[in-house]
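Comments concern the structure below.
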Amino acid sequence: MDRTRLSAALTAAALALGGLVATSTAAEAADAEVARNGGFEAGLTGWSCSAGSGVVVSSPVHSGSSALKATPAGSDNAKCSQTVTVKPNSDYTLSGWVQGGYVYLGASGTGTTDVSTWTPSASGWQKLSTSFRTGASTTSVTIYTHGWYGTAAYHADDVSLFGPGGDPVQLPAAPTGLTAGSPGSTSVPLSWSSVSGATGYNVYRGATKVTSVTGTAATVTGLSPSTTYSFQVTATNSAGESPKSAVVGATTTAGGGNPGTGLPAHALVGYLHASFANGSGYTRMADVPDSWDVINLAFGEPTSVTSGDIRFSLCPAAECPNVESVADFKAAIKAKQAAGKKVLISIGGANGQVQLASTAARDAFVSSVSKIIDEYGLDGLDIDFEGHSLSLNTGDTDFRSPTSPVIVNLISAIKTLKAKYGSDFVLTMAPETFFVQLGYQYYGSGPWGGQDPRAGSYLPVIHALRDDLTLLHVQDYNSGSIMGLDNQYHSMGGADFHIAMTDMLLTGFPVAGDQSKFFPALRPEQVAIGLPASTQAGNGHTSPTEVNKALDCLTKKVSCGSYATHGTWPALRGLMTWSINWDRFNQWEFSRNFDAYRWS
């Protein structure tokens with residue numbers, strides 16, 4: 001080859017090589033960061049965490065000013081994920097920095113082999129990395145982090161997915177198949193068909209957005225009886241919100257009218273030791289101060305755990321030397337009622353285990369409770385089932401359709417009593433936190449068994465009777481630490497516990513972390529906070545100052561401390577205490593503080 005030809009050949013080779021280099025550079029330039037908000041500097045924007053398990057914290061962080069903290073609980077492993085658009089037949093690298101025990105990083109929906117990597121322990125920031133290739137028709141992939149069941153919280157930061165960016169996400173289509181189920185007097189259940197590409201749905205009542213969900217069902221609450229409403233649904237994803245669905249209408253039932261009619265806007269509820277003294281001394285009905293708006297007679301108890309046969313009698317004179325006669329007791333009840341007070345029989349208590357495991361027990365309960373109400377001329381019923389009265393059978397996993405006999409029979413019995421006595425019948429409940437708020441983490445024995453079957457077992461009762469329920473006053477005492485909607489544990493004795501526990505009732509929550517099984521919020525006028533009246537009355541006594549802080553936060557959104565409530569509820573009904581007797585023993589500190597509190 002002569003010099004001319006050699007020079008030309010080298011020039012051609014150089015051009016060819018240059019072309020290859022240029023082509024390679026262009027290919028590399030097409031690779032980009034695909035994950036959104038991987039450093040969590042925009043909070044949880046773009047991310048979805050199971051059971052509300054994730055929060056953004058300012059320390060520790062790997063870089064920037066924010067990182068993810070996610071806390072596993074019960075059957076939830078604190079999975080935080082986002083779905084991103086990708087290109088088919090393309091290579092991607094997934095990485096992230098993590099801290100904590102048992103932290104996983106992975107990708108699903110790749111169209112080939114889904115991948116994950118993990119560390120059993122990272123006392124400091126540790127980088128996890130893996131890679132995958134998308135399938136021939138794959139256009140989206142879900143990347144995620146998660147911990148392990150029942151372990152401590154983990155942290156993640158600087159999550160990255162590097163590779164070719166996918167085509168822009170398209171707006172989802174409007175949902176179809178919107179249907180209204182059987183309305184209650186204050187709620188309407190809705191369901192619709194899933195929409196391809198949607199990651200969530202907004203529910204509208206008229207022009208007002210009332211809730212957002214990730215599944216294809218929702219219950220709209222806080223409605224008025226005998227009223228017609230119109231509803232629509234939209235689908236959402238990272239591109240925005242779809243057009244609205246077709247309108248569906250529904251009319252709420254008359255129900256039991258307005259539960260709570262006859263109560264003041266803010267009421268004080270107390271238990272009167274009518275059948276025993278309990279170290280606090282006996283208080284006659286006539287001596288109960290006018291501060292008390294609802295007086296619950298403690299207690300009606302069963303002849304045996306499973307009989308359903310409830311009996312009530314006044315405290316024996318040997319235990320309560322100053323007990324009044326039955327005639328004087330009945331006369332004092334009538335005088336209280338004439339002054340606008342409500343007097344109820346409370347069934348159960350710590351020693352009164354009631355299990356309506358058979359229809360015979362159910363019928364005996366209705367008959368015997370009716371007899372007590374009629375004999376003493378009472379206004380209604382308080383359900384204070386504790387201990388092992390309520391539990392969920394294995395496989396009973398949906399609070400909306402319970403199957404356990406003790407639950408089903410109790411609901412049936414109360415509905416029968418409500419129907420018998422009509423719209424003026426007052427129904428209250430006083431469950432412990434274990435049976436209500438713990439349901440945010442655990443429900444019954446769980447999907448695999450092994451959990452305490454009593455966990456969350458009041459939820460199906462409350463839900464089935466929510467349109468008949470006058471007051472729910474959960475006992476915010478004698479309780480272990482409970483996880484709130486902020487996925488932090490809260491302990492009794494201060495305002496924070498009452499704020500977090502009450503916020504759960506007024507906001508609603510996914511049961512056992514399952515977003516498709518959402519326990520809807522109660523109306524604020526149906527909710528009162530339950531507290532002990534003195535240090536002798538129970539564990540978790542709260543000082544008047546802390547009680548007032550809790551009320552200020554919930555009704556005015558001030559004095560909330562570090563907890564961020566999901567609303568403000570000036571119509572919160574009030575307070576309940578165990579008990580009137582212990583408040584008298586403590587120089588009426590509890591009731592006097594309630595009387596002095598300024599609600600507005």
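Lettering and numbering for the structure tokens are positional, with chains as A, B, ... in the shown order, residues counted from 1 in each chain, and ligands counted from 1 in the shown order.
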
Please build the interface table for region 341-378 of chain A against region 461-485 of chain A with a cut-off of 12 Å, listing for each qualifying residue the nearest atom pair and the distance in Å to one decimal; count only C-alpha atoms, order rows by chain and increasing number, and write it as JSON lines.
```
{"residue": "A:Lys342", "atom": "CA", "partner": "A:Thr470", "partner_atom": "CA", "distance": 11.6}
{"residue": "A:Leu344", "atom": "CA", "partner": "A:Thr470", "partner_atom": "CA", "distance": 12.0}
{"residue": "A:Gly349", "atom": "CA", "partner": "A:Gln475", "partner_atom": "CA", "distance": 11.6}
{"residue": "A:Ala350", "atom": "CA", "partner": "A:Asn478", "partner_atom": "CA", "distance": 11.2}
```

| field | Shell around Val527 (chain A) at 12 Å using only C-alpha atoms, local window under 3 positions removed, as a PyMOL selection string | value | chain A and resi 259-260+265-269+428-430+462+466+469-475+498+501-507+521-524+530+554+569-576

| request: Using CA of Gly147 (chain A) and CA of Val61 (chain A) as the two end points, give the distance in Å to one decimal. | output: 17.5 Å

| For Phe385 (chain A), which residue out of A:Tyr440, A:Phe299, A:Phe425, A:Trp118 is the nearest one, using only C-alpha atoms? | A:Phe299

| as number ranges by chain, which residues of region 390-493 of chain A does DSSP assign to helix (DSSP H, G or I)? | A: 405-421, 433-435, 437-440, 459-464

| Atomic separation - CA of Leu427 (chain A) relative to CA of Thr251 (chain A), Å | 24.2 Å

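As for CA of Thr142 (chain A) and CA of Trp448 (chain A), they are spaced 26.1 Å apart.
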
| message | So that I can see what lies close to Leu410 (chain A), please list as a list in words the residues with an atom at most 7 Å from it, counting only C-alpha atoms and leaving out residues fewer than 3 positions away in the same chain. | response | Leu356, Arg362, Val406, Ile407, Ala413 and Ile414 of chain A

| task | Check the DSSP output for the backbone and give back, as number ranges by chain, the residues of region 412-462 of chain A in strand (DSSP E). | result | A: 426-429

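For Ala537 (chain A), the set of protein, DNA and RNA residues having any atom at most 12 Å away, when counting only C-alpha atoms and skipping those fewer than 5 positions along the same chain, is Tyr271, His273, Asn278, Gly279, Ser280, Tyr477, Asn478, Leu531, Pro532, Thr542, Thr577, Trp578, Ser579, Ile580, Asn581, Trp582, Asp583, Arg584, Phe585, Asn586 and Phe590 of chain A.
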
| request: Please identify all polymer residues within 9 Å of Ala235 (chain A), counting only C-alpha atoms, omitting same-chain residues fewer than 3 positions from it, and present them as an MDAnalysis selection string. | output: chainID A and resid 171:175 194:195 197:202 240:245

| message | Set the distance at 10 Å and use only C-alpha atoms: which residues neighbour Ala70 (chain A) once local chain neighbours fewer than 4 positions away are removed? I'd like the list as a VMD selection string. | response | chain A and resid 49 to 50 52 to 57 77 to 80 145 to 147 152 to 156 487

| All residues 12 Å or closer to region 393-400 of chain A, only C-alpha atoms, same chain fewer than 3 positions away omitted, as a ChimeraX atom specification | /A:189,219,357,390,403-408,436,439-440,442-466,510-512,514-520

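Nearest residue to Thr236 (chain A) among A:Val558, A:Val288, A:Val169, A:Leu381 is A:Val169, counting only C-alpha atoms.
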